[in-house]
file my_file.pdb (PDB, C-alpha atoms)
ATOM      1  CA  MET A  24      20.227  86.474  95.523
ATOM      2  CA  VAL A  25      17.263  88.217  97.085
ATOM      3  CA  ASP A  26      16.021  88.101 100.669
ATOM      4  CA  ILE A  27      12.780  88.367 102.579
ATOM      5  CA  LEU A  28      13.182  90.793 105.489
ATOM      6  CA  HIS A  29      10.892  91.526 108.428
ATOM      7  CA  ARG A  30      10.969  93.253 111.810
ATOM      8  CA  VAL A  31       8.534  92.828 114.676
ATOM      9  CA  GLY A  32       8.729  94.098 118.244
ATOM     10  CA  ILE A  33       7.271  91.899 120.938
ATOM     11  CA  GLN A  34       6.371  92.970 124.463
ATOM     12  CA  ALA A  35       8.277  90.104 126.043
ATOM     13  CA  SER A  36      11.914  89.347 126.840
ATOM     14  CA  PRO A  37      14.295  88.122 124.125
ATOM     15  CA  ASN A  38      14.534  84.850 126.081
ATOM     16  CA  GLU A  39      10.766  84.346 125.942
ATOM     17  CA  VAL A  40      10.770  85.000 122.200
ATOM     18  CA  PHE A  41      13.759  82.690 121.840
ATOM     19  CA  ARG A  42      11.748  79.894 123.449
ATOM     20  CA  ALA A  43       8.987  80.418 120.898
ATOM     21  CA  ILE A  44      11.381  79.890 117.992
ATOM     22  CA  ALA A  45      13.833  77.441 119.529
ATOM     23  CA  THR A  46      11.531  74.813 121.031
ATOM     24  CA  ARG A  47       9.166  72.421 119.293
ATOM     25  CA  GLU A  48       6.292  73.498 121.553
ATOM     26  CA  GLY A  49       6.935  77.178 120.866
ATOM     27  CA  LEU A  50       7.002  76.718 117.103
ATOM     28  CA  ALA A  51       3.792  74.670 117.223
ATOM     29  CA  GLY A  52       2.156  77.649 118.899
ATOM     30  CA  TRP A  53       2.527  80.075 116.011
ATOM     31  CA  TRP A  54       3.674  78.394 112.755
ATOM     32  CA  THR A  55       2.039  74.995 112.394
ATOM     33  CA  ASP A  56       0.479  72.872 115.090
ATOM     34  CA  ASP A  57       2.080  69.858 113.388
ATOM     35  CA  THR A  58       5.745  70.566 114.228
ATOM     36  CA  ARG A  59       7.985  67.542 114.771
ATOM     37  CA  GLY A  60      11.623  66.913 115.689
ATOM     38  CA  SER A  61      14.280  68.657 117.725
ATOM     39  CA  ALA A  62      14.929  72.402 117.858
ATOM     40  CA  GLU A  63      18.347  71.991 119.535
ATOM     41  CA  PRO A  64      21.484  73.041 117.629
ATOM     42  CA  GLY A  65      22.153  70.255 115.141
ATOM     43  CA  GLY A  66      18.541  69.111 115.367
ATOM     44  CA  LYS A  67      16.136  68.695 112.486
ATOM     45  CA  LEU A  68      12.576  69.980 112.433
ATOM     46  CA  HIS A  69       9.673  69.004 110.212
ATOM     47  CA  PHE A  70       6.848  71.516 109.753
ATOM     48  CA  GLN A  71       3.767  69.931 108.191
ATOM     49  CA  PHE A  72       0.895  72.018 106.800
ATOM     50  CA  GLY A  73      -1.687  69.270 106.262
ATOM     51  CA  ASP A  74      -1.749  68.199 102.624
ATOM     52  CA  ARG A  75      -0.574  71.620 101.482
ATOM     53  CA  GLY A  76       3.090  70.802 102.031
ATOM     54  CA  PHE A  77       5.955  70.840 104.491
ATOM     55  CA  PHE A  78       9.327  72.363 105.310
ATOM     56  CA  ASP A  79      12.308  70.463 106.718
ATOM     57  CA  ILE A  80      15.021  72.486 108.368
ATOM     58  CA  GLU A  81      18.275  71.862 110.175
ATOM     59  CA  VAL A  82      19.118  74.026 113.194
ATOM     60  CA  LEU A  83      22.569  75.485 112.574
ATOM     61  CA  GLU A  84      22.623  77.861 115.553
ATOM     62  CA  ALA A  85      20.440  78.512 118.598
ATOM     63  CA  GLU A  86      21.949  81.027 120.974
ATOM     64  CA  PRO A  87      19.494  81.831 123.795
ATOM     65  CA  GLY A  88      18.054  85.326 123.626
ATOM     66  CA  GLN A  89      20.206  86.239 120.645
ATOM     67  CA  ARG A  90      20.053  84.247 117.451
ATOM     68  CA  VAL A  91      18.592  81.236 115.693
ATOM     69  CA  LEU A  92      19.775  80.081 112.273
ATOM     70  CA  TRP A  93      18.145  77.399 110.146
ATOM     71  CA  ARG A  94      18.999  75.832 106.827
ATOM     72  CA  VAL A  95      16.123  74.469 104.744
ATOM     73  CA  THR A  96      16.847  70.889 103.650
ATOM     74  CA  ASP A  97      13.534  69.901 102.020
ATOM     75  CA  GLY A  98      10.179  71.339 100.993
ATOM     76  CA  PRO A  99       9.283  73.562  98.036
ATOM     77  CA  GLN A 100      12.088  73.597  95.459
ATOM     78  CA  GLU A 101      12.590  77.359  95.886
ATOM     79  CA  TRP A 102      13.219  76.931  99.627
ATOM     80  CA  ILE A 103      15.810  74.177  99.517
ATOM     81  CA  GLY A 104      19.226  75.490 100.523
ATOM     82  CA  THR A 105      17.888  78.852 101.728
ATOM     83  CA  LYS A 106      18.647  80.049 105.254
ATOM     84  CA  ILE A 107      16.342  81.568 107.824
ATOM     85  CA  VAL A 108      17.929  83.905 110.357
ATOM     86  CA  TRP A 109      16.353  85.172 113.572
ATOM     87  CA  ASP A 110      18.300  87.927 115.323
ATOM     88  CA  LEU A 111      16.975  89.086 118.682
ATOM     89  CA  LYS A 112      17.691  92.171 120.754
ATOM     90  CA  GLN A 113      16.015  94.324 123.382
ATOM     91  CA  GLU A 114      14.891  97.880 122.628
ATOM     92  CA  ASP A 115      12.366 100.224 124.286
ATOM     93  CA  GLY A 116      10.891  97.366 126.318
ATOM     94  CA  TYR A 117      10.383  95.210 123.239
ATOM     95  CA  ALA A 118      12.141  92.090 122.083
ATOM     96  CA  ILE A 119      12.996  93.039 118.515
ATOM     97  CA  VAL A 120      13.031  90.208 115.983
ATOM     98  CA  LEU A 121      15.060  90.888 112.854
ATOM     99  CA  PHE A 122      14.054  88.159 110.452
ATOM    100  CA  LYS A 123      15.741  87.224 107.201
ATOM    101  CA  HIS A 124      14.900  84.409 104.782
ATOM    102  CA  GLU A 125      17.925  84.538 102.511
ATOM    103  CA  GLY A 126      19.325  82.789  99.492
ATOM    104  CA  TRP A 127      16.339  82.809  97.131
ATOM    105  CA  LYS A 128      17.656  82.353  93.622
ATOM    106  CA  GLU A 129      15.007  84.475  91.892
ATOM    107  CA  PRO A 130      12.283  86.903  93.038
ATOM    108  CA  VAL A 131       9.548  84.568  91.775
ATOM    109  CA  GLU A 132       5.849  85.067  92.472
ATOM    110  CA  PHE A 133       5.998  82.404  95.193
ATOM    111  CA  MET A 134       8.615  84.519  96.979
ATOM    112  CA  HIS A 135       6.161  87.450  97.028
ATOM    113  CA  HIS A 136       3.597  85.126  98.615
ATOM    114  CA  CYS A 137       6.048  83.768 101.197
ATOM    115  CA  SER A 138       7.114  87.293 102.161
ATOM    116  CA  THR A 139       3.542  88.289 103.027
ATOM    117  CA  LYS A 140       2.881  84.952 104.697
ATOM    118  CA  TRP A 141       6.001  85.285 106.878
ATOM    119  CA  ALA A 142       4.621  88.631 108.099
ATOM    120  CA  VAL A 143       1.369  86.914 109.057
ATOM    121  CA  PHE A 144       3.227  84.208 110.972
ATOM    122  CA  LEU A 145       5.548  86.716 112.674
ATOM    123  CA  LEU A 146       2.456  88.540 113.938
ATOM    124  CA  SER A 147       1.195  85.152 115.136
ATOM    125  CA  LEU A 148       4.512  84.714 116.993
ATOM    126  CA  LYS A 149       4.068  88.201 118.488
ATOM    127  CA  SER A 150       0.574  87.312 119.627
ATOM    128  CA  LEU A 151       1.734  84.013 121.134
ATOM    129  CA  ALA A 152       4.503  85.680 123.147
ATOM    130  CA  GLU A 153       2.314  88.598 124.285
ATOM    131  CA  THR A 154      -0.992  86.865 124.962
ATOM    132  CA  GLY A 155      -0.243  83.145 125.104
ATOM    133  CA  ALA A 156      -2.214  82.459 121.920
ATOM    134  CA  GLY A 157      -0.883  82.474 118.373
ATOM    135  CA  SER A 158      -2.612  81.470 115.140
ATOM    136  CA  PRO A 159      -0.616  78.530 113.779
ATOM    137  CA  TYR A 160      -1.740  76.539 110.737
ATOM    138  CA  PRO A 161      -4.536  75.499 110.237
ATOM    139  CA  ASP A 162      -5.827  78.637 111.990
ATOM    140  CA  ASP A 163      -3.504  81.022 110.147
ATOM    141  CA  ALA A 164      -4.863  84.050 108.310
ATOM    142  CA  LYS A 165      -5.221  83.240 104.601
ATOM    143  CA  ILE A 166      -3.752  85.861 102.296
ATOM    144  CA  ASP A 167      -4.444  84.648  98.745
ATOM    145  CA  ASN A 168      -5.433  81.677  96.545
ATOM    146  CA  TRP A 169      -2.219  79.917  97.594
ATOM    147  CA  ASN A 170      -3.405  80.330 101.214
TER     148      ASN A 170
ATOM    149  CA  MET B  22      19.537  97.133  95.242
ATOM    150  CA  VAL B  23      17.070  95.144  97.301
ATOM    151  CA  ASP B  24      13.297  94.994  97.072
ATOM    152  CA  ILE B  25      10.305  94.430  99.309
ATOM    153  CA  LEU B  26       7.950  91.905  97.711
ATOM    154  CA  HIS B  27       4.410  90.897  98.646
ATOM    155  CA  ARG B  28       1.444  89.023  97.170
ATOM    156  CA  VAL B  29      -2.158  89.158  98.330
ATOM    157  CA  GLY B  30      -5.273  87.735  96.730
ATOM    158  CA  ILE B  31      -8.471  89.705  97.108
ATOM    159  CA  GLN B  32     -11.983  88.430  96.517
ATOM    160  CA  ALA B  33     -12.903  91.340  94.293
ATOM    161  CA  SER B  34     -12.289  92.314  90.680
ATOM    162  CA  PRO B  35      -8.963  93.814  89.580
ATOM    163  CA  ASN B  36     -10.899  96.994  88.759
ATOM    164  CA  GLU B  37     -12.245  97.245  92.307
ATOM    165  CA  VAL B  38      -8.751  96.775  93.718
ATOM    166  CA  PHE B  39      -7.445  99.298  91.214
ATOM    167  CA  ARG B  40      -9.889 101.876  92.559
ATOM    168  CA  ALA B  41      -8.556 101.272  96.077
ATOM    169  CA  ILE B  42      -4.995 102.097  95.014
ATOM    170  CA  ALA B  43      -5.640 104.627  92.271
ATOM    171  CA  THR B  44      -8.088 107.024  93.925
ATOM    172  CA  ARG B  45      -7.551 109.328  96.885
ATOM    173  CA  GLU B  46     -10.670 107.957  98.611
ATOM    174  CA  GLY B  47      -9.547 104.362  98.125
ATOM    175  CA  LEU B  48      -6.072 105.000  99.536
ATOM    176  CA  ALA B  49      -7.545 106.822 102.537
ATOM    177  CA  GLY B  50      -9.530 103.659 103.256
ATOM    178  CA  TRP B  51      -6.549 101.385 103.908
ATOM    179  CA  TRP B  52      -3.227 103.282 104.205
ATOM    180  CA  THR B  53      -3.754 106.586 106.002
ATOM    181  CA  ASP B  54      -6.973 108.476 106.484
ATOM    182  CA  ASP B  55      -4.996 111.665 105.810
ATOM    183  CA  THR B  56      -4.318 111.170 102.092
ATOM    184  CA  ARG B  57      -4.181 114.313  99.947
ATOM    185  CA  GLY B  58      -3.659 115.134  96.285
ATOM    186  CA  SER B  59      -4.399 113.501  92.965
ATOM    187  CA  ALA B  60      -4.027 109.803  92.134
ATOM    188  CA  GLU B  61      -4.295 110.377  88.366
ATOM    189  CA  PRO B  62      -1.273 109.615  86.168
ATOM    190  CA  GLY B  63       1.099 112.548  86.642
ATOM    191  CA  GLY B  64      -0.573 113.437  89.924
ATOM    192  CA  LYS B  65       1.114 113.831  93.273
ATOM    193  CA  LEU B  66      -0.092 112.289  96.512
ATOM    194  CA  HIS B  67       0.769 113.161 100.093
ATOM    195  CA  PHE B  68       0.287 110.492 102.757
ATOM    196  CA  GLN B  69       0.440 111.938 106.273
ATOM    197  CA  PHE B  70       0.769 109.725 109.356
ATOM    198  CA  GLY B  71       0.074 112.308 112.081
ATOM    199  CA  ASP B  72       3.340 113.554 113.588
ATOM    200  CA  ARG B  73       5.077 110.273 112.781
ATOM    201  CA  GLY B  74       5.918 111.305 109.232
ATOM    202  CA  PHE B  75       4.744 111.337 105.646
ATOM    203  CA  PHE B  76       5.381 110.016 102.156
ATOM    204  CA  ASP B  77       5.089 112.040  98.959
ATOM    205  CA  ILE B  78       4.751 110.156  95.719
ATOM    206  CA  GLU B  79       4.290 110.914  92.048
ATOM    207  CA  VAL B  80       1.983 108.676  90.019
ATOM    208  CA  LEU B  81       3.985 107.480  86.996
ATOM    209  CA  GLU B  82       1.415 104.970  85.703
ATOM    210  CA  ALA B  83      -2.184 104.051  86.517
ATOM    211  CA  GLU B  84      -3.631 101.545  84.076
ATOM    212  CA  PRO B  85      -7.117 100.456  85.209
ATOM    213  CA  GLY B  86      -7.267  96.875  86.457
ATOM    214  CA  GLN B  87      -3.635  96.257  85.582
ATOM    215  CA  ARG B  88      -0.883  98.362  87.049
ATOM    216  CA  VAL B  89      -0.024 101.339  89.210
ATOM    217  CA  LEU B  90       3.490 102.731  89.491
ATOM    218  CA  TRP B  91       4.641 105.379  91.943
ATOM    219  CA  ARG B  92       7.921 107.155  92.512
ATOM    220  CA  VAL B  93       8.645 108.409  96.016
ATOM    221  CA  THR B  94       9.686 112.061  95.952
ATOM    222  CA  ASP B  95       9.852 112.908  99.666
ATOM    223  CA  GLY B  96       9.624 111.288 103.081
ATOM    224  CA  PRO B  97      12.150 109.142 104.961
ATOM    225  CA  GLN B  98      15.596 109.417 103.371
ATOM    226  CA  GLU B  99      15.655 105.685 102.578
ATOM    227  CA  TRP B 100      12.417 105.972 100.564
ATOM    228  CA  ILE B 101      13.327 108.902  98.348
ATOM    229  CA  GLY B 102      13.803 107.774  94.764
ATOM    230  CA  THR B 103      12.402 104.285  95.377
ATOM    231  CA  LYS B 104       9.530 102.988  93.252
ATOM    232  CA  ILE B 105       6.374 101.206  94.316
ATOM    233  CA  VAL B 106       4.818  98.867  91.773
ATOM    234  CA  TRP B 107       1.347  97.365  91.912
ATOM    235  CA  ASP B 108       0.661  94.672  89.315
ATOM    236  CA  LEU B 109      -2.861  93.286  89.181
ATOM    237  CA  LYS B 110      -4.284  90.160  87.576
ATOM    238  CA  GLN B 111      -7.200  87.789  87.999
ATOM    239  CA  GLU B 112      -6.692  84.196  89.173
ATOM    240  CA  ASP B 113      -9.035  81.614  90.747
ATOM    241  CA  GLY B 114     -11.664  84.269  91.458
ATOM    242  CA  TYR B 115      -9.158  86.526  93.207
ATOM    243  CA  ALA B 116      -7.636  89.805  92.172
ATOM    244  CA  ILE B 117      -3.958  89.070  92.729
ATOM    245  CA  VAL B 118      -1.800  92.006  93.804
ATOM    246  CA  LEU B 119       1.899  91.612  93.117
ATOM    247  CA  PHE B 120       3.539  94.366  95.100
ATOM    248  CA  LYS B 121       7.119  95.553  94.846
ATOM    249  CA  HIS B 122       8.824  98.417  96.678
ATOM    250  CA  GLU B 123      12.087  98.588  94.783
ATOM    251  CA  GLY B 124      15.283 100.565  94.743
ATOM    252  CA  TRP B 125      16.308 100.452  98.411
ATOM    253  CA  LYS B 126      20.017 101.169  98.573
ATOM    254  CA  GLU B 127      20.734  98.946 101.578
ATOM    255  CA  PRO B 128      18.794  96.283 103.531
ATOM    256  CA  VAL B 129      18.760  98.490 106.641
ATOM    257  CA  GLU B 130      16.735  97.707 109.752
ATOM    258  CA  PHE B 131      14.104 100.244 108.677
ATOM    259  CA  MET B 132      13.611  98.237 105.483
ATOM    260  CA  HIS B 133      12.819  95.146 107.586
ATOM    261  CA  HIS B 134      10.206  97.216 109.445
ATOM    262  CA  CYS B 135       8.686  98.612 106.250
ATOM    263  CA  SER B 136       8.448  95.137 104.739
ATOM    264  CA  THR B 137       6.349  93.866 107.640
ATOM    265  CA  LYS B 138       4.325  97.061 107.753
ATOM    266  CA  TRP B 139       3.539  96.850 104.026
ATOM    267  CA  ALA B 140       2.115  93.365 104.671
ATOM    268  CA  VAL B 141      -0.131  94.816 107.376
ATOM    269  CA  PHE B 142      -1.378  97.555 105.041
ATOM    270  CA  LEU B 143      -1.881  95.130 102.133
ATOM    271  CA  LEU B 144      -4.106  93.053 104.405
ATOM    272  CA  SER B 145      -5.922  96.292 105.255
ATOM    273  CA  LEU B 146      -6.387  96.858 101.501
ATOM    274  CA  LYS B 147      -7.714  93.293 101.167
ATOM    275  CA  SER B 148     -10.148  93.889 103.998
ATOM    276  CA  LEU B 149     -11.312  97.186 102.495
ATOM    277  CA  ALA B 150     -11.992  95.613  99.085
ATOM    278  CA  GLU B 151     -13.679  92.522 100.520
ATOM    279  CA  THR B 152     -15.692  93.991 103.391
ATOM    280  CA  GLY B 153     -15.788  97.743 102.806
ATOM    281  CA  ALA B 154     -13.658  98.440 105.893
ATOM    282  CA  GLY B 155      -9.869  98.664 106.036
ATOM    283  CA  SER B 156      -7.629  99.697 108.929
ATOM    284  CA  PRO B 157      -5.826 102.827 107.733
ATOM    285  CA  TYR B 158      -3.570 104.865 110.036
ATOM    286  CA  PRO B 159      -4.257 105.733 112.856
ATOM    287  CA  ASP B 160      -6.156 102.441 113.231
ATOM    288  CA  ASP B 161      -3.411 100.308 111.700
ATOM    289  CA  ALA B 162      -2.027  97.276 113.537
ATOM    290  CA  LYS B 163       1.185  98.230 115.335
ATOM    291  CA  ILE B 164       4.040  95.819 114.758
ATOM    292  CA  ASP B 165       6.955  97.143 116.822
ATOM    293  CA  ASN B 166       8.419 100.148 118.697
ATOM    294  CA  TRP B 167       8.555 102.049 115.423
ATOM    295  CA  ASN B 168       4.805 101.425 115.086
TER     296      ASN B 168
END

call {"tool": "encode", "arguments": {"input": "my_file.pdb", "output": "structure tokens"}}
result
Amino acid sequence: MVDILHRVGIQASPNEVFRAIATREGLAGWWTDDTRGSAEPGGKLHFQFGDRGFFDIEVLEAEPGQRVLWRVTDGPQEWIGTKIVWDLKQEDGYAIVLFKHEGWKEPVEFMHHCSTKWAVFLLSLKSLAETGAGSPYPDDAKIDNWN
Amino acid sequence: MVDILHRVGIQASPNEVFRAIATREGLAGWWTDDTRGSAEPGGKLHFQFGDRGFFDIEVLEAEPGQRVLWRVTDGPQEWIGTKIVWDLKQEDGYAIVLFKHEGWKEPVEFMHHCSTKWAVFLLSLKSLAETGAGSPYPDDAKIDNWN
């Protein structure tokens, strides 16, 4: 088992950052503009990236200002069954996001890609919460031939 | 043991990307402008980030257009003894960089930070190789309260 880890600090409150990862509108502002479903605990979300693919997740936990936990139910084979954890805390005037995408079976090349791409989207989340404007798909920064 | 993984695709040749990670001038163009030492196999490099800290590495391998391998000899405690691997290949008109920073003892919070920060610097490397201008320290994008 290998994990993707990231940390960003956002000049906003943990509750503001929570809203960006625990509401449909928030998620559509930094990950993909085509985000459907319910971000409530027990809800299911569908993230569509045009004809490039999609991710389906189930919201296992959503504790305001503190923690969001998802389980991936459909999408790329390597993602199915993995969990995505968002831990939030306040430090030095920043909302700190400790991000973990855990449960990858193997450190395949696609995992390398997803690790870099998560960083790009976390910086999009940071930008959304700090300035009101993120760069969700299809306006996301492209990192390689897999996009 | 846990690893940081990344993948970027650069619209340049693997040899051009190799020069950006296997010469002192190249490294100074995307990681820190204060890069000292020799990037030849067997050489030692010192990367200084003002008063924020430094990394010292030893170049174990540098195979043009293919692979660079470093061992960290000094710097933050968590980095000492870790290895940094750069594997290069050509695909779809891109030089693909498969990056691995391996040998972390524990997935500490600092490792989360370094994972995101490596993504930022790899995109700086991409920019340098594609446009001639990277964003090395002190002009690097800041990601959190640890910078």

call {"tool": "closest_residue", "arguments": {"input": "my_file.pdb", "among": "B:Gly96, B:Gly114, B:Pro35, B:Gly86", "to": "chain A", "atoms": "only C-alpha atoms"}}
result
B:Gly114

call {"tool": "resolve_selection", "arguments": {"input": "my_file.pdb", "expression": "the ChimeraX specification (/A :<8) & /B", "output": "PyMOL selection string"}}
result
chain B and resi 23-31+112-113+115+117+119-120+130+132-137+140-141+144+164-166

call {"tool": "resolve_selection", "arguments": {"input": "my_file.pdb", "expression": "the PyMOL selection byres ((chain B and resi 97) around 9)", "output": "list in words"}}
result
Gly74, Phe75, Phe76, Asp95, Gly96, Gln98, Glu99, Trp100 and Ile101 of chain B

call {"tool": "resolve_selection", "arguments": {"input": "my_file.pdb", "expression": "the PyMOL selection byres ((chain A and resi 85) around 7)", "output": "PDB file with C-alpha atoms, keeping the file's coordinate frame"}}
result
ATOM      1  CA  ALA A  45      13.833  77.441 119.529  1.00  0.00           C
ATOM      2  CA  GLU A  63      18.347  71.991 119.535  1.00  0.00           C
ATOM      3  CA  PRO A  64      21.484  73.041 117.629  1.00  0.00           C
ATOM      4  CA  GLU A  84      22.623  77.861 115.553  1.00  0.00           C
ATOM      5  CA  GLU A  86      21.949  81.027 120.974  1.00  0.00           C
ATOM      6  CA  PRO A  87      19.494  81.831 123.795  1.00  0.00           C
ATOM      7  CA  ARG A  90      20.053  84.247 117.451  1.00  0.00           C
ATOM      8  CA  VAL A  91      18.592  81.236 115.693  1.00  0.00           C
ATOM      9  CA  LEU A  92      19.775  80.081 112.273  1.00  0.00           C
TER      10      LEU A  92
END

call {"tool": "closest_residue", "arguments": {"input": "my_file.pdb", "among": "B:Phe68, B:Gly124, B:Arg73, B:Phe39", "to": "B:Arg92", "atoms": "all atoms listed in the file"}}
result
B:Gly124

call {"tool": "atom_distance", "arguments": {"input": "my_file.pdb", "atom1": "atom CA of A:Ile80", "atom2": "atom CA of A:Phe144"}}
result
16.8 Å

call {"tool": "atom_distance", "arguments": {"input": "my_file.pdb", "atom1": "atom CA of A:Asn38", "atom2": "atom CA of A:Asp79"}}
result
24.2 Å

call {"tool": "atom_distance", "arguments": {"input": "my_file.pdb", "atom1": "atom CA of B:Tyr158", "atom2": "atom CA of B:Gln111"}}
result
28.1 Å

call {"tool": "closest_residue", "arguments": {"input": "my_file.pdb", "among": "A:Thr55, A:Gly49, A:Lys112, A:Ala43", "to": "A:Asp162", "atoms": "only C-alpha atoms"}}
result
A:Thr55

call {"tool": "residues_around", "arguments": {"input": "my_file.pdb", "residues": "B:Glu79", "least_positions_apart": "6", "cutoff": "6 Å", "atoms": "all atoms listed in the file", "output": "mmCIF file with C-alpha atoms, in the coordinates of the input"}}
result
data_model
loop_
_atom_site.group_PDB
_atom_site.id
_atom_site.type_symbol
_atom_site.label_atom_id
_atom_site.label_comp_id
_atom_site.auth_asym_id
_atom_site.auth_seq_id
_atom_site.Cartn_x
_atom_site.Cartn_y
_atom_site.Cartn_z
ATOM 1 C CA GLY B 64 -0.573 113.437 89.924
ATOM 2 C CA LYS B 65 1.114 113.831 93.273
ATOM 3 C CA TRP B 91 4.641 105.379 91.943
ATOM 4 C CA ARG B 92 7.921 107.155 92.512
#

call {"tool": "decode", "arguments": {"input": "my_file.pdb", "residues": "stretch 80-134 of chain B", "atoms": "C-alpha atoms", "output": "PDB file, in the first residue's frame"}}
result
ATOM      1  CA  VAL B  80      25.395  12.451  -7.494  1.00  0.00           C
ATOM      2  CA  LEU B  81      25.378   8.638  -7.689  1.00  0.00           C
ATOM      3  CA  GLU B  82      24.361   8.366 -11.359  1.00  0.00           C
ATOM      4  CA  ALA B  83      23.930  10.764 -14.278  1.00  0.00           C
ATOM      5  CA  GLU B  84      23.224   8.972 -17.537  1.00  0.00           C
ATOM      6  CA  PRO B  85      22.473  11.503 -20.303  1.00  0.00           C
ATOM      7  CA  GLY B  86      18.844  11.520 -21.413  1.00  0.00           C
ATOM      8  CA  GLN B  87      17.978   8.614 -19.146  1.00  0.00           C
ATOM      9  CA  ARG B  88      18.530   8.800 -15.428  1.00  0.00           C
ATOM     10  CA  VAL B  89      19.891  10.845 -12.558  1.00  0.00           C
ATOM     11  CA  LEU B  90      20.231   9.477  -9.039  1.00  0.00           C
ATOM     12  CA  TRP B  91      21.114  11.487  -5.951  1.00  0.00           C
ATOM     13  CA  ARG B  92      21.697  10.585  -2.334  1.00  0.00           C
ATOM     14  CA  VAL B  93      20.976  13.247   0.268  1.00  0.00           C
ATOM     15  CA  THR B  94      23.926  13.661   2.624  1.00  0.00           C
ATOM     16  CA  ASP B  95      22.873  16.684   4.696  1.00  0.00           C
ATOM     17  CA  GLY B  96      19.924  18.986   5.280  1.00  0.00           C
ATOM     18  CA  PRO B  97      16.679  18.394   7.187  1.00  0.00           C
ATOM     19  CA  GLN B  98      16.953  15.298   9.382  1.00  0.00           C
ATOM     20  CA  GLU B  99      14.111  13.575   7.506  1.00  0.00           C
ATOM     21  CA  TRP B 100      15.970  13.930   4.183  1.00  0.00           C
ATOM     22  CA  ILE B 101      19.340  12.548   5.212  1.00  0.00           C
ATOM     23  CA  GLY B 102      19.959   9.183   3.588  1.00  0.00           C
ATOM     24  CA  THR B 103      16.965   9.441   1.248  1.00  0.00           C
ATOM     25  CA  LYS B 104      17.441   9.047  -2.503  1.00  0.00           C
ATOM     26  CA  ILE B 105      16.061  11.139  -5.328  1.00  0.00           C
ATOM     27  CA  VAL B 106      15.568   9.378  -8.648  1.00  0.00           C
ATOM     28  CA  TRP B 107      14.928  11.013 -11.999  1.00  0.00           C
ATOM     29  CA  ASP B 108      13.979   8.617 -14.796  1.00  0.00           C
ATOM     30  CA  LEU B 109      13.577  10.103 -18.257  1.00  0.00           C
ATOM     31  CA  LYS B 110      11.942   8.765 -21.404  1.00  0.00           C
ATOM     32  CA  GLN B 111      10.307  10.055 -24.561  1.00  0.00           C
ATOM     33  CA  GLU B 112       6.567   9.641 -25.181  1.00  0.00           C
ATOM     34  CA  ASP B 113       4.093  11.437 -27.480  1.00  0.00           C
ATOM     35  CA  GLY B 114       6.578  14.237 -28.151  1.00  0.00           C
ATOM     36  CA  TYR B 115       7.176  14.824 -24.446  1.00  0.00           C
ATOM     37  CA  ALA B 116      10.164  14.110 -22.278  1.00  0.00           C
ATOM     38  CA  ILE B 117       8.515  12.250 -19.414  1.00  0.00           C
ATOM     39  CA  VAL B 118      10.086  12.708 -15.985  1.00  0.00           C
ATOM     40  CA  LEU B 119       9.311   9.974 -13.489  1.00  0.00           C
ATOM     41  CA  PHE B 120      10.405  11.375 -10.165  1.00  0.00           C
ATOM     42  CA  LYS B 121      10.806   9.499  -6.908  1.00  0.00           C
ATOM     43  CA  HIS B 122      12.052  10.778  -3.549  1.00  0.00           C
ATOM     44  CA  GLU B 123      12.420   7.518  -1.676  1.00  0.00           C
ATOM     45  CA  GLY B 124      13.478   6.252   1.701  1.00  0.00           C
ATOM     46  CA  TRP B 125      11.445   8.476   4.032  1.00  0.00           C
ATOM     47  CA  LYS B 126      11.221   6.712   7.370  1.00  0.00           C
ATOM     48  CA  GLU B 127       7.754   7.990   8.277  1.00  0.00           C
ATOM     49  CA  PRO B 128       4.948   9.828   6.428  1.00  0.00           C
ATOM     50  CA  VAL B 129       5.387  12.888   8.661  1.00  0.00           C
ATOM     51  CA  GLU B 130       3.669  16.212   8.035  1.00  0.00           C
ATOM     52  CA  PHE B 131       6.892  17.598   6.552  1.00  0.00           C
ATOM     53  CA  MET B 132       6.773  14.829   3.947  1.00  0.00           C
ATOM     54  CA  HIS B 133       3.295  16.011   2.896  1.00  0.00           C
ATOM     55  CA  HIS B 134       4.734  19.521   2.478  1.00  0.00           C
TER      56      HIS B 134
END
